[in-house]
>>> print(open('start09.cif').read())   # mmCIF, C-alpha atoms and all ligand atoms
data_entry
#
loop_
_atom_site.label_atom_id
_atom_site.label_comp_id
_atom_site.auth_asym_id
_atom_site.auth_seq_id
_atom_site.Cartn_x
_atom_site.Cartn_y
_atom_site.Cartn_z
CA MET A 1 72.00 109.33 88.78
CA ARG A 2 74.75 108.30 86.40
CA THR A 3 78.03 110.17 86.81
CA PRO A 4 80.12 111.52 83.91
CA ALA A 5 82.35 108.46 84.44
CA GLY A 6 79.39 106.13 83.78
CA PHE A 7 78.74 104.83 87.30
CA ASP A 8 75.54 105.19 89.31
CA CYS A 9 75.99 107.46 92.31
CA LYS A 10 73.24 108.79 94.53
CA TYR A 11 75.29 111.90 95.29
CA PHE A 12 75.64 113.03 91.70
CA TYR A 13 73.15 115.56 90.37
CA GLY A 14 72.99 116.75 86.80
CA ASP A 15 70.51 119.25 85.40
CA TYR A 16 70.48 119.23 81.59
CA TYR A 17 66.89 120.33 81.14
CA ARG A 18 66.18 123.15 78.66
CA GLY A 19 69.79 123.94 77.90
CA ASN A 20 70.99 123.76 81.48
CA ASN A 21 74.31 122.08 82.01
CA ARG A 22 74.68 122.03 85.77
CA GLU A 23 76.43 119.17 87.52
CA GLU A 24 77.29 118.78 91.17
CA CYS A 25 78.39 116.23 93.72
CA ARG A 26 76.19 116.53 96.78
CA LEU A 27 78.69 114.68 98.93
CA ILE A 28 81.78 116.77 98.20
CA ASN A 29 80.20 120.15 97.55
CA HIS A 30 79.98 121.00 101.20
CA PRO A 31 81.07 124.38 102.57
CA ILE A 32 83.91 122.82 104.59
CA ASN A 33 85.57 121.38 101.47
CA GLU A 34 88.33 123.74 100.37
CA THR A 35 88.91 122.08 97.02
CA PRO A 36 85.73 122.16 94.93
CA TRP A 37 84.34 119.21 93.07
CA THR A 38 85.05 118.80 89.38
CA ARG A 39 83.47 116.18 87.11
CA ASP A 40 86.77 114.40 86.45
CA LEU A 41 86.90 113.30 90.12
CA CYS A 42 84.05 110.82 89.49
CA SER A 43 86.28 108.53 87.44
CA GLN A 44 88.54 107.71 90.43
CA CYS A 45 85.98 108.11 93.23
CA PRO A 46 85.41 105.03 95.44
CA VAL A 47 81.85 106.01 96.41
CA PRO A 48 79.92 104.21 93.59
CA ARG A 49 81.83 101.01 94.38
CA ILE A 50 81.08 101.38 98.11
CA LEU A 51 77.37 102.02 97.46
CA LEU A 52 77.22 98.93 95.27
CA ALA A 53 78.93 96.73 97.86
CA ASN A 54 77.29 98.02 101.03
CA ALA A 55 73.73 99.32 101.31
CA CYS A 56 73.77 99.65 105.10
CA PRO A 57 71.39 102.48 106.09
CA ASN A 58 73.41 103.16 109.26
CA MET A 59 76.62 104.09 107.48
CA GLU A 60 77.26 107.73 106.74
CA MET A 61 80.00 109.04 104.52
CA ASP A 62 81.69 112.32 104.04
CA ALA A 63 84.27 113.07 101.44
CA HIS A 64 86.82 115.67 100.57
CA VAL A 65 89.31 116.26 97.83
CA VAL A 66 93.01 115.85 98.51
CA LYS A 67 95.67 117.22 96.22
CA HIS A 68 98.84 115.25 95.50
CA PHE A 69 102.04 116.04 93.64
CA LEU A 70 102.18 119.85 93.67
CA GLY A 71 98.41 120.07 93.47
CA LEU A 72 98.30 118.52 90.02
CA ARG A 73 96.65 115.26 90.99
CA LYS A 74 93.38 115.25 92.92
CA GLN A 75 91.76 112.36 94.74
CA VAL A 76 88.50 111.81 96.60
CA VAL A 77 89.08 110.63 100.17
CA ILE A 78 86.19 109.04 102.07
CA HIS A 79 85.49 108.96 105.77
CA SER A 80 82.69 106.63 106.88
CA TYR A 81 80.93 106.35 110.20
CA CYS A 82 78.33 103.94 111.57
CA THR A 83 75.50 105.61 113.49
CA PHE A 84 74.47 102.23 114.97
CA SER A 85 77.80 101.12 116.47
CA LYS A 86 78.99 104.73 116.84
CA LYS A 87 82.37 103.86 115.34
CA ASP A 88 84.41 104.81 112.32
CA VAL A 89 84.15 102.22 109.57
CA ALA A 90 87.59 101.17 108.36
CA GLU A 91 86.37 99.27 105.30
CA PRO A 92 83.18 100.92 104.02
CA GLU A 93 82.68 98.23 101.35
CA ILE A 94 82.21 95.70 104.16
CA GLY A 95 80.83 97.90 106.95
CA CYS A 96 81.54 97.64 110.66
CA GLY A 97 79.70 94.29 110.95
CA LYS A 98 77.76 95.24 114.08
CA CYS A 99 74.28 94.77 112.60
CA HIS A 100 75.28 91.61 110.73
CA GLU A 101 76.87 89.72 113.60
CA ILE A 102 76.69 85.94 113.43
CA PRO A 103 74.55 84.55 116.30
CA PRO A 104 76.56 82.42 118.78
CA MET A 105 74.49 79.29 118.06
CA ALA A 106 75.46 79.48 114.37
CA VAL A 107 79.19 79.48 115.09
CA GLN A 108 80.70 76.02 114.83
CA LYS A 109 82.63 75.03 117.96
CA GLU A 110 86.17 73.77 117.61
CA GLU A 111 86.64 70.10 118.36
CA LYS A 112 89.32 69.20 120.89
S1 LIG A 201 82.77 112.47 93.07
FE1 LIG A 201 82.18 110.47 93.86
S2 LIG A 201 80.50 110.88 95.30
FE2 LIG A 201 80.74 112.69 94.01
S3 LIG A 201 79.28 112.39 92.33
FE3 LIG A 201 81.27 111.63 91.62
S4 LIG A 201 81.20 109.45 92.10
FE4 LIG A 201 79.58 110.41 93.31
#
>>> encode(input="start09.cif", output="structure tokens", more="lines below")
Ligand code: SF4
Amino acid sequence: MRTPAGFDCKYFYGDYYRGNNREECRLINHPINETPWTRDLCSQCPVPRILLANACPNMEMDAHVVKHFLGLRKQVVIHSYCTFSKKDVAEPEIGCGKCHEIPPMAVQKEEK
């Protein structure tokens, strides 16, 4: 679904049917998140960019909101994990690379 910032995000849900005006982020609105989601967070959120760059079905993400500068500025922080390699993914746009490894026969050997 398209976020208020204009990006497609599978975690955004908006219900505008019959006068409803309910919006939620199904990634951030988790009981462990102390700071609740607000629609303005979508404009700076890295998740739509990550989903566009990496469609790996093994990568899971969780997100929370971090406050900066006396709580005035809020930011979405992502943590990603690969269920296949069982490792944290440092660059979620790229992935951990485990399921896209280059076969040894395709690697060009260095000439001496
Ligand atoms: S905050 Fe991020 S993950 Fe949540 S709906 Fe907006 S773009 Fe998607």
>>> residues_near_ligand(input="start09.cif", ligand="ligand LIG 201 (chain A)", cutoff="8 Å", atoms="only C-alpha atoms and all ligand atoms", output="number ranges by chain")
A: 3-5, 7-13, 24-28, 37-48, 63, 76
>>> residues_around(input="start09.cif", residues="His79 in chain A", least_positions_apart="2", cutoff="7 Å", atoms="all atoms listed in the file", output="PyMOL selection string")
chain A and resi 61-63+77+81
>>> atom_distance(input="start09.cif", atom1="CA of Phe84 in chain A", atom2="CA of Ile102 in chain A")
16.5 Å
>>> closest_residue(input="start09.cif", among="A:Pro31, A:Lys98, A:Arg22, A:Arg49", to="Ile78 in chain A", atoms="all atoms listed in the file")
A:Arg49
>>> residues_around(input="start09.cif", residues="Asn58 in chain A", least_positions_apart="5", cutoff="10 Å", atoms="only C-alpha atoms", output="list of chain:residue names")
A:Tyr81, A:Cys82, A:Thr83, A:Phe84, A:Ser85, A:Lys86, A:Gly95, A:Cys96, A:Cys99
>>> atom_distance(input="start09.cif", atom1="CA of Gly71 in chain A", atom2="CA of Thr35 in chain A")
10.3 Å
>>> decode(input="start09.cif", residues="range 18-34 of chain A", atoms="all heavy atoms", output="tab-separated table (two decimals), in the first residue's frame")
chain	number	residue	atom	x	y	z
A	18	ARG	N	-15.65	4.20	3.93
A	18	ARG	CA	-16.84	4.72	4.61
A	18	ARG	C	-16.52	5.68	5.75
A	18	ARG	O	-16.95	5.51	6.88
A	18	ARG	CB	-17.69	3.56	5.14
A	18	ARG	CG	-18.36	2.80	4.04
A	18	ARG	CD	-19.45	1.95	4.58
A	18	ARG	NE	-20.20	1.37	3.48
A	18	ARG	CZ	-21.32	0.71	3.63
A	18	ARG	NH1	-21.83	0.54	4.82
A	18	ARG	NH2	-21.95	0.23	2.60
A	19	GLY	N	-15.68	6.63	5.44
A	19	GLY	CA	-15.37	7.67	6.43
A	19	GLY	C	-14.29	7.31	7.43
A	19	GLY	O	-13.94	8.14	8.27
A	20	ASN	N	-13.81	6.09	7.35
A	20	ASN	CA	-12.71	5.72	8.26
A	20	ASN	C	-11.45	6.48	7.85
A	20	ASN	O	-11.23	6.76	6.68
A	20	ASN	CB	-12.41	4.23	8.19
A	20	ASN	CG	-13.41	3.43	8.97
A	20	ASN	OD1	-14.04	3.93	9.89
A	20	ASN	ND2	-13.57	2.17	8.60
A	21	ASN	N	-10.62	6.76	8.78
A	21	ASN	CA	-9.33	7.38	8.49
A	21	ASN	C	-8.30	6.78	9.44
A	21	ASN	O	-7.77	7.46	10.31
A	21	ASN	CB	-9.41	8.90	8.64
A	21	ASN	CG	-8.19	9.57	8.06
A	21	ASN	OD1	-7.40	8.94	7.35
A	21	ASN	ND2	-8.02	10.84	8.37
A	22	ARG	N	-8.10	5.47	9.27
A	22	ARG	CA	-7.18	4.76	10.16
A	22	ARG	C	-5.92	4.38	9.40
A	22	ARG	O	-6.00	3.78	8.32
A	22	ARG	CB	-7.86	3.50	10.68
A	22	ARG	CG	-7.27	3.02	11.99
A	22	ARG	CD	-7.93	1.78	12.47
A	22	ARG	NE	-7.12	0.65	12.03
A	22	ARG	CZ	-7.59	-0.55	11.76
A	22	ARG	NH1	-8.85	-0.81	11.88
A	22	ARG	NH2	-6.79	-1.51	11.36
A	23	GLU	N	-4.79	4.73	9.92
A	23	GLU	CA	-3.52	4.39	9.29
A	23	GLU	C	-2.63	3.74	10.33
A	23	GLU	O	-2.65	4.15	11.50
A	23	GLU	CB	-2.83	5.64	8.75
A	23	GLU	CG	-3.59	6.32	7.63
A	23	GLU	CD	-2.95	7.62	7.18
A	23	GLU	OE1	-2.31	8.29	8.02
A	23	GLU	OE2	-3.11	7.96	6.00
A	24	GLU	N	-1.87	2.76	9.91
A	24	GLU	CA	-0.91	2.16	10.83
A	24	GLU	C	0.26	1.56	10.08
A	24	GLU	O	0.18	1.21	8.91
A	24	GLU	CB	-1.58	1.10	11.71
A	24	GLU	CG	-2.10	-0.10	10.96
A	24	GLU	CD	-2.82	-1.09	11.87
A	24	GLU	OE1	-3.81	-0.70	12.50
A	24	GLU	OE2	-2.37	-2.24	11.91
A	25	CYS	N	1.37	1.48	10.79
A	25	CYS	CA	2.55	0.78	10.28
A	25	CYS	C	2.59	-0.55	11.01
A	25	CYS	O	2.69	-0.59	12.23
A	25	CYS	CB	3.81	1.59	10.57
A	25	CYS	SG	5.32	0.65	10.24
A	26	ARG	N	2.54	-1.62	10.26
A	26	ARG	CA	2.51	-2.95	10.88
A	26	ARG	C	3.89	-3.49	11.18
A	26	ARG	O	4.02	-4.62	11.65
A	26	ARG	CB	1.70	-3.90	10.01
A	26	ARG	CG	0.24	-3.47	10.01
A	26	ARG	CD	-0.65	-4.38	9.27
A	26	ARG	NE	-2.04	-4.02	9.58
A	26	ARG	CZ	-3.08	-4.54	8.95
A	26	ARG	NH1	-2.89	-5.41	8.00
A	26	ARG	NH2	-4.29	-4.17	9.29
A	27	LEU	N	4.90	-2.69	10.90
A	27	LEU	CA	6.26	-3.07	11.30
A	27	LEU	C	6.63	-2.40	12.62
A	27	LEU	O	7.20	-3.02	13.51
A	27	LEU	CB	7.25	-2.66	10.22
A	27	LEU	CG	8.69	-3.08	10.41
A	27	LEU	CD1	8.81	-4.59	10.38
A	27	LEU	CD2	9.59	-2.47	9.36
A	28	ILE	N	6.27	-1.14	12.77
A	28	ILE	CA	6.66	-0.39	13.97
A	28	ILE	C	5.63	-0.54	15.09
A	28	ILE	O	6.01	-0.56	16.26
A	28	ILE	CB	6.86	1.09	13.61
A	28	ILE	CG1	8.06	1.22	12.69
A	28	ILE	CG2	7.07	1.94	14.85
A	28	ILE	CD1	8.30	2.60	12.16
A	29	ASN	N	4.38	-0.64	14.75
A	29	ASN	CA	3.35	-0.73	15.80
A	29	ASN	C	3.34	-2.10	16.46
A	29	ASN	O	2.44	-2.89	16.32
A	29	ASN	CB	1.97	-0.40	15.23
A	29	ASN	CG	1.72	1.08	15.24
A	29	ASN	OD1	2.54	1.86	15.73
A	29	ASN	ND2	0.60	1.48	14.70
A	30	HIS	N	4.39	-2.34	17.17
A	30	HIS	CA	4.55	-3.59	17.90
A	30	HIS	C	4.55	-3.24	19.38
A	30	HIS	O	5.05	-2.16	19.75
A	30	HIS	CB	5.88	-4.25	17.48
A	30	HIS	CG	6.01	-5.64	17.97
A	30	HIS	ND1	6.58	-5.93	19.19
A	30	HIS	CD2	5.65	-6.82	17.42
A	30	HIS	CE1	6.55	-7.24	19.36
A	30	HIS	NE2	6.00	-7.80	18.31
A	31	PRO	N	4.03	-4.08	20.24
A	31	PRO	CA	3.96	-3.73	21.67
A	31	PRO	C	5.29	-3.35	22.31
A	31	PRO	O	5.31	-2.59	23.27
A	31	PRO	CB	3.40	-5.00	22.31
A	31	PRO	CG	2.73	-5.74	21.23
A	31	PRO	CD	3.39	-5.35	19.96
A	32	ILE	N	6.42	-3.84	21.76
A	32	ILE	CA	7.70	-3.51	22.41
A	32	ILE	C	8.19	-2.12	22.05
A	32	ILE	O	9.12	-1.62	22.65
A	32	ILE	CB	8.80	-4.54	22.10
A	32	ILE	CG1	9.09	-4.59	20.60
A	32	ILE	CG2	8.45	-5.90	22.63
A	32	ILE	CD1	10.40	-5.29	20.28
A	33	ASN	N	7.61	-1.49	21.02
A	33	ASN	CA	8.03	-0.15	20.63
A	33	ASN	C	7.45	0.88	21.59
A	33	ASN	O	6.24	1.01	21.72
A	33	ASN	CB	7.58	0.16	19.21
A	33	ASN	CG	8.46	-0.52	18.19
A	33	ASN	OD1	9.66	-0.31	18.18
A	33	ASN	ND2	7.87	-1.35	17.37
A	34	GLU	N	8.33	1.60	22.26
A	34	GLU	CA	7.88	2.60	23.23
A	34	GLU	C	7.33	3.84	22.55
A	34	GLU	O	6.37	4.44	23.00
A	34	GLU	CB	9.04	2.98	24.15
A	34	GLU	CG	9.46	1.84	25.02
A	34	GLU	CD	10.74	2.14	25.77
A	34	GLU	OE1	11.26	3.26	25.66
A	34	GLU	OE2	11.20	1.24	26.47
